[in-house]
Amino acid sequence: MRLEFRVLGPLRARCDDREVELGRPQQRAVLAALLLSPGQLVPTERLVEGLWGEDDTRWPKDPVGQIGTHAHRLRRALGAPGLLVAAAGGYGLAVPRESVDLFRYEAAVAEAVALRHQDPVRARELLVAALGAWEGDRALDGVPGAFAERARERLAAGRFAAVKALLDLDVVLGRHTDAVEPLAALAASHPQDEEVHRLRLLALHRCGRTAEALAVYEELRERLDRELGLEPAAAVVELADRIRRGQPPVPLRRLPRPGQLPPDIPDLVGRAALARQAERVLRTAGGAPAVGSPVVGLSGPAGSGTSALAVHVAHAVQDGFPDGQLYTKGGEPGAVLAAFLRALGERPADGAPADELSAHYRAALAGRRVLVVLDGVADPTPLLPLAAGCAAVVTGADPGVLPVDAVRLAVGPLEPHDAHELLARIVGVERISREPAAAAELAGLCGYLPVLLRTAATRLAARPWWSVADLVRWFTERG
């Protein structure tokens, strides 16, 4: 028996050559949530919130029971024992990612983007085939609930980026005549995307419609000035000037490659196993973009060093993300999104709402391999990349707010021998070895937490006339 699912349009399922009747809309919403995390357990509470929202006053009388009923009916409809499983407070759909059209589509787009410079013809073929998988304009069309709506927004942003990449390749490959009308439609639906306008100007010019290209530019310039008080982006201005002077257009601009990571900590100790586990997860994105955008969540008590570990891991895997690394230390989502967009070469509108910025951000990441480090961000949801080939490391967030398929790693105090090693690295092996009992007591006073140990060791290193026992006494006297 072969099952296939479609989410790029109306939600559909086929078993061999038979269309499966998926039932009422809320039942389809449950299936959609499970399909977008195939093989993963989706908590029941996440399904409830995805279907009826976070306001429990709007929930039905027995939401958990209703989810169970929908799951039971879906199990019967799909007709495959063991396919839809219930365990540990959630539900999962045991289907391979390849059976869902979305993941085949994202894999083809990621492959196309990776080939866009060395083999643009093949890249274009892949994008045409991938975009042909869509049925209509809306993913999960007709599926209700907040979860489906969020998925629709994300997939619409990714589709826009794929269409833009296809038209970009059309212009590169000399298919500018075919690209003119689609670019006009795309510019009308995305009036603030200046790269679309740049491509439209270039296509018009190459079609010999130079006067029209300059008229389009003047219209854009006046509208940006009127609505935003801005001039067009430098690349658009430069192209218009060259067209006006009769000079050949400059080559297509290369996208910025942000490198925002703070310096790595050279004396990180006691975290090798956690670091290896996080690196393995993140490299599934950098090495094989078809797997989506993995998220690693690091959580632990204050002083456990989650920030240092996040930065260390990010440095270790940055070769797998050749399009750059984004980093924020806390921050309000709207401000962070605007800063990220600027680092990616975009120009976000002043005062734009966070949901609009988030959609532009995810569109800007589509097709790139970027690592995002969100350090001390309580609600990372609007800042997660989602695009295939990208990944994120998150600290400071409640593990429950992370995506259902995120890998959650607990970062605790160091082992005593690791605490001893950290002290020795900063203070010096000889000084720590002379007073093993005092060093052990100092580590205990610091709760074996690396941030406190580092602070104590730095204080001791700055006072070479102090013994370790002196520092212990100093701490004890101050409680």
# chains A, B, ... in the order shown; residues from 1 in each chain; ligands from 1
>>> residues_around(residues="stretch 328-341 of chain A", least_positions_apart="3", cutoff="10 Å", atoms="only C-alpha atoms", output="number ranges by chain")
A: 258, 260-262, 307, 325, 344-362, 364-365, 372-383, 395-396
>>> atom_distance(atom1="atom CA of A:Gly412", atom2="atom CA of A:Thr476")
23.6 Å
>>> atom_distance(atom1="atom CA of A:Asp225", atom2="atom CA of A:Ala203")
23.8 Å
>>> select_by_dssp(residues="stretch 211-391 of chain A", states="strand (DSSP E or B)", output="list in words")
Gly259, Val295, Val296, Gly297, Leu298, Ser299, Gln325, Leu326, Tyr327, Thr328, Lys329, Leu371, Val372, Val373, Leu374, Asp375 and Ala391 of chain A
>>> atom_distance(atom1="atom CA of A:Ala272", atom2="atom CA of A:Ala392")
19.2 Å
>>> residues_around(residues="A:Ala107", least_positions_apart="3", cutoff="12 Å", atoms="only C-alpha atoms", output="tab-separated table (two decimals) with C-alpha atoms, in the first residue's frame")
chain	number	residue	atom	x	y	z
A	97	ARG	CA	8.93	12.75	4.45
A	98	GLU	CA	9.09	11.80	0.76
A	100	VAL	CA	4.46	14.54	1.47
A	101	ASP	CA	4.65	16.86	-1.54
A	102	LEU	CA	5.92	19.77	0.59
A	103	PHE	CA	9.21	18.06	1.45
A	104	ARG	CA	9.86	16.98	-2.13
A	110	ALA	CA	17.12	23.89	-2.09
A	111	GLU	CA	18.96	21.92	-4.79
A	112	ALA	CA	18.09	24.57	-7.38
A	113	VAL	CA	19.42	27.38	-5.21
A	114	ALA	CA	22.64	25.47	-4.59
A	126	LEU	CA	14.31	22.16	-10.86
A	127	LEU	CA	12.44	25.34	-9.89
A	129	ALA	CA	9.24	21.36	-11.64
A	130	ALA	CA	9.05	22.28	-7.97
A	131	LEU	CA	6.63	25.17	-8.46
A	162	ALA	CA	11.16	30.50	-5.25
A	285	ALA	CA	20.57	21.25	7.58
A	288	ALA	CA	21.28	18.09	3.38
A	289	PRO	CA	18.79	20.90	2.94
A	290	ALA	CA	15.92	18.55	2.25
A	291	VAL	CA	15.55	17.82	5.93
A	292	GLY	CA	14.16	21.28	6.69
A	293	SER	CA	15.39	23.71	9.32
A	366	ALA	CA	14.48	30.91	1.46
A	367	GLY	CA	17.14	29.32	-0.70
A	387	ALA	CA	13.55	27.59	5.36
A	388	ALA	CA	15.14	24.33	4.24
A	389	GLY	CA	18.92	24.50	4.58
>>> residues_around(residues="stretch 138-152 of chain A", least_positions_apart="2", cutoff="12 Å", atoms="only C-alpha atoms", output="number ranges by chain")
A: 5-12, 22-37, 46-55, 59, 101-102, 133-136, 154-160, 355, 358-359, 362, 381-382, 386-387, 403
>>> write_last_selection(atoms="C-alpha atoms", output="mmCIF file, in the first residue's frame")
data_model
loop_
_atom_site.group_PDB
_atom_site.id
_atom_site.type_symbol
_atom_site.label_atom_id
_atom_site.label_comp_id
_atom_site.auth_asym_id
_atom_site.auth_seq_id
_atom_site.Cartn_x
_atom_site.Cartn_y
_atom_site.Cartn_z
ATOM 1 C CA PHE A 5 -0.162 13.403 0.736
ATOM 2 C CA ARG A 6 -0.534 16.856 -0.781
ATOM 3 C CA VAL A 7 -0.485 20.080 1.230
ATOM 4 C CA LEU A 8 0.540 22.531 -1.542
ATOM 5 C CA GLY A 9 -3.065 23.366 -2.316
ATOM 6 C CA PRO A 10 -6.142 21.609 -0.916
ATOM 7 C CA LEU A 11 -5.169 18.924 1.607
ATOM 8 C CA ARG A 12 -5.401 15.575 -0.151
ATOM 9 C CA LEU A 22 -10.386 12.928 4.919
ATOM 10 C CA GLY A 23 -13.579 14.029 6.618
ATOM 11 C CA ARG A 24 -14.638 17.275 8.194
ATOM 12 C CA PRO A 25 -12.419 20.400 8.295
ATOM 13 C CA GLN A 26 -11.216 20.037 11.899
ATOM 14 C CA GLN A 27 -10.241 16.450 11.230
ATOM 15 C CA ARG A 28 -8.230 17.624 8.241
ATOM 16 C CA ALA A 29 -6.566 20.263 10.442
ATOM 17 C CA VAL A 30 -5.282 17.522 12.767
ATOM 18 C CA LEU A 31 -3.904 15.593 9.793
ATOM 19 C CA ALA A 32 -2.208 18.745 8.459
ATOM 20 C CA ALA A 33 -0.429 19.340 11.766
ATOM 21 C CA LEU A 34 0.835 15.751 11.809
ATOM 22 C CA LEU A 35 1.897 15.831 8.149
ATOM 23 C CA LEU A 36 4.101 18.874 8.675
ATOM 24 C CA SER A 37 6.069 16.935 11.321
ATOM 25 C CA ARG A 46 -0.147 21.788 20.549
ATOM 26 C CA LEU A 47 -2.891 20.252 18.402
ATOM 27 C CA VAL A 48 -5.567 21.847 20.588
ATOM 28 C CA GLU A 49 -3.966 25.295 20.345
ATOM 29 C CA GLY A 50 -3.359 24.869 16.631
ATOM 30 C CA LEU A 51 -6.998 24.062 16.045
ATOM 31 C CA TRP A 52 -8.802 26.409 18.448
ATOM 32 C CA GLY A 53 -6.162 29.009 19.366
ATOM 33 C CA GLU A 54 -4.437 29.831 22.639
ATOM 34 C CA ASP A 55 -7.512 31.365 24.297
ATOM 35 C CA TRP A 59 -12.084 25.821 23.249
ATOM 36 C CA ASP A 101 4.650 16.865 -1.545
ATOM 37 C CA LEU A 102 5.920 19.766 0.594
ATOM 38 C CA ALA A 133 3.685 20.887 -7.591
ATOM 39 C CA TRP A 134 1.415 23.672 -6.309
ATOM 40 C CA GLU A 135 -2.327 23.337 -6.898
ATOM 41 C CA GLY A 136 -3.774 26.820 -6.715
ATOM 42 C CA ARG A 154 5.350 30.467 5.870
ATOM 43 C CA LEU A 155 4.788 28.500 2.671
ATOM 44 C CA ALA A 156 3.537 31.594 0.802
ATOM 45 C CA ALA A 157 6.740 33.427 1.739
ATOM 46 C CA GLY A 158 8.832 30.487 0.559
ATOM 47 C CA ARG A 159 6.889 30.244 -2.688
ATOM 48 C CA PHE A 160 7.411 33.952 -3.357
ATOM 49 C CA ASP A 355 4.208 39.421 11.453
ATOM 50 C CA SER A 358 8.656 37.798 9.906
ATOM 51 C CA ALA A 359 7.175 36.905 6.514
ATOM 52 C CA ARG A 362 11.570 33.980 6.012
ATOM 53 C CA THR A 381 8.882 31.673 17.204
ATOM 54 C CA PRO A 382 8.877 34.716 14.864
ATOM 55 C CA LEU A 386 11.954 27.596 8.843
ATOM 56 C CA ALA A 387 13.553 27.590 5.356
ATOM 57 C CA PRO A 403 8.816 23.619 17.537
#
>>> closest_atom_pairs(of="stretch 254-362 of chain A", to="stretch 407-410 of chain A", cutoff="6 Å", atoms="only C-alpha atoms", output="JSON lines")
{"residue": "A:Val296", "atom": "CA", "partner": "A:Val407", "partner_atom": "CA", "distance": 4.9}
{"residue": "A:Gly297", "atom": "CA", "partner": "A:Arg408", "partner_atom": "CA", "distance": 4.7}
{"residue": "A:Leu298", "atom": "CA", "partner": "A:Leu409", "partner_atom": "CA", "distance": 5.1}
{"residue": "A:Ser299", "atom": "CA", "partner": "A:Ala410", "partner_atom": "CA", "distance": 5.2}
{"residue": "A:Gly300", "atom": "CA", "partner": "A:Ala410", "partner_atom": "CA", "distance": 5.8}
>>> write_last_selection(atoms="C-alpha atoms", output="PDB file, in the first residue's frame")
ATOM      1  CA  VAL A 296      18.476  23.079  18.886  1.00  0.00           C
ATOM      2  CA  GLY A 297      17.195  24.427  22.197  1.00  0.00           C
ATOM      3  CA  LEU A 298      19.685  24.764  25.077  1.00  0.00           C
ATOM      4  CA  SER A 299      18.244  25.243  28.555  1.00  0.00           C
ATOM      5  CA  GLY A 300      19.717  25.208  32.041  1.00  0.00           C
TER       6      GLY A 300
END
>>> residues_around(residues="stretch 444-448 of chain A", least_positions_apart="3", cutoff="10 Å", atoms="only C-alpha atoms", output="compact mmCIF listing (two decimals) with N, CA, C and O atoms, in the first residue's frame")
# COMPACT_ATOMS: atom_id res chain seq x y z
N GLY A 303 23.78 30.65 34.86
CA GLY A 303 25.20 30.38 35.11
C GLY A 303 25.69 29.09 34.51
O GLY A 303 26.88 28.78 34.61
N SER A 304 24.81 28.32 33.87
CA SER A 304 25.23 27.03 33.32
C SER A 304 25.98 27.16 32.01
O SER A 304 26.56 26.18 31.53
N GLY A 412 23.49 21.39 32.42
CA GLY A 412 23.53 21.48 33.87
C GLY A 412 24.88 21.92 34.40
O GLY A 412 25.76 22.35 33.64
N PRO A 413 25.10 21.82 35.70
CA PRO A 413 26.40 22.14 36.29
C PRO A 413 27.48 21.20 35.74
O PRO A 413 27.20 20.11 35.23
N LEU A 414 28.73 21.63 35.86
CA LEU A 414 29.85 20.80 35.43
C LEU A 414 30.09 19.66 36.42
O LEU A 414 29.74 19.76 37.60
N GLU A 415 30.72 18.62 35.93
CA GLU A 415 31.22 17.58 36.82
C GLU A 415 32.40 18.17 37.62
O GLU A 415 33.08 19.09 37.14
N PRO A 416 32.65 17.66 38.84
CA PRO A 416 33.74 18.22 39.66
C PRO A 416 35.08 18.28 38.94
O PRO A 416 35.82 19.27 39.05
N HIS A 417 35.44 17.23 38.19
CA HIS A 417 36.75 17.25 37.52
C HIS A 417 36.78 18.29 36.40
O HIS A 417 37.83 18.89 36.13
N ASP A 418 35.62 18.54 35.75
CA ASP A 418 35.58 19.58 34.72
C ASP A 418 35.67 20.97 35.35
O ASP A 418 36.31 21.88 34.80
N ALA A 419 35.04 21.13 36.52
CA ALA A 419 35.15 22.41 37.23
C ALA A 419 36.60 22.68 37.61
O ALA A 419 37.09 23.81 37.49
N HIS A 420 37.28 21.64 38.07
CA HIS A 420 38.71 21.77 38.42
C HIS A 420 39.53 22.19 37.19
O HIS A 420 40.41 23.07 37.26
N ALA A 438 41.00 23.30 48.65
CA ALA A 438 40.42 24.64 48.53
C ALA A 438 39.78 24.82 47.16
O ALA A 438 38.71 25.45 47.03
N ALA A 439 40.42 24.25 46.10
CA ALA A 439 39.84 24.36 44.76
C ALA A 439 38.51 23.63 44.69
O ALA A 439 37.55 24.12 44.07
N ALA A 440 38.43 22.47 45.32
CA ALA A 440 37.17 21.72 45.34
C ALA A 440 36.10 22.49 46.10
O ALA A 440 34.93 22.53 45.69
N GLU A 441 36.49 23.14 47.20
CA GLU A 441 35.53 23.93 47.97
C GLU A 441 35.05 25.13 47.16
O GLU A 441 33.86 25.48 47.18
N VAL A 451 29.72 29.84 34.57
CA VAL A 451 29.78 31.31 34.59
C VAL A 451 30.32 31.80 35.93
O VAL A 451 31.18 32.69 36.00
N LEU A 452 29.84 31.21 37.04
CA LEU A 452 30.34 31.60 38.37
C LEU A 452 31.79 31.16 38.56
O LEU A 452 32.60 31.89 39.15
N LEU A 453 32.12 29.98 38.07
CA LEU A 453 33.51 29.51 38.15
C LEU A 453 34.45 30.43 37.38
O LEU A 453 35.54 30.77 37.85
N ARG A 454 34.01 30.86 36.21
CA ARG A 454 34.84 31.74 35.39
C ARG A 454 35.06 33.08 36.09
O ARG A 454 36.14 33.64 36.09
N THR A 455 33.99 33.60 36.71
CA THR A 455 34.10 34.87 37.43
C THR A 455 35.07 34.75 38.61
O THR A 455 35.93 35.61 38.82
N ALA A 456 34.92 33.67 39.37
CA ALA A 456 35.81 33.46 40.52
C ALA A 456 37.25 33.27 40.07
O ALA A 456 38.19 33.84 40.67
N VAL A 472 38.33 31.53 48.75
CA VAL A 472 37.22 30.82 49.41
C VAL A 472 36.78 31.58 50.65
O VAL A 472 35.58 31.76 50.91
N PHE A 475 34.80 34.69 49.69
CA PHE A 475 33.43 34.38 49.32
C PHE A 475 32.59 34.02 50.53
O PHE A 475 31.43 34.43 50.68
N THR A 476 33.19 33.23 51.44
CA THR A 476 32.45 32.79 52.63
C THR A 476 32.06 33.95 53.52
O THR A 476 30.94 34.01 54.03
N GLY A 479 29.06 35.68 52.27
CA GLY A 479 27.84 34.86 52.19
C GLY A 479 27.64 34.27 50.83
O GLY A 479 26.54 33.91 50.48
>>> closest_residue(among="A:Asp62, A:Ala234, A:Ala87, A:Val427", to="A:Arg463", atoms="only C-alpha atoms")
A:Val427
>>> closest_residue(among="A:Val313, A:Ala308, A:Ala273, A:Val468", to="A:Ser433", atoms="only C-alpha atoms")
A:Val468
>>> residues_around(residues="A:Val95", least_positions_apart="6", cutoff="9 Å", atoms="only C-alpha atoms", output="tab-separated table (two decimals) with N, CA and C atoms, in the first residue's frame")
chain	number	residue	atom	x	y	z
A	3	LEU	N	0.90	5.37	0.26
A	3	LEU	CA	0.17	6.59	0.63
A	3	LEU	C	0.97	7.81	0.20
A	35	LEU	N	1.15	15.96	9.40
A	35	LEU	CA	1.90	15.83	8.15
A	35	LEU	C	3.10	16.76	8.09
A	38	PRO	N	6.24	14.86	10.02
A	38	PRO	CA	6.11	13.40	9.86
A	38	PRO	C	7.13	12.66	10.69
A	39	GLY	N	6.66	11.59	11.33
A	39	GLY	CA	7.54	10.78	12.16
A	39	GLY	C	7.82	11.38	13.52
A	83	LEU	N	-0.21	3.43	11.46
A	83	LEU	CA	0.24	4.63	10.76
A	83	LEU	C	0.10	5.87	11.65
A	84	LEU	N	-1.06	6.04	12.26
A	84	LEU	CA	-1.30	7.17	13.16
A	84	LEU	C	-1.26	6.63	14.57
>>> select_by_dssp(residues="stretch 178-426 of chain A", states="helix (DSSP H, G or I)", output="count of residues only")
130
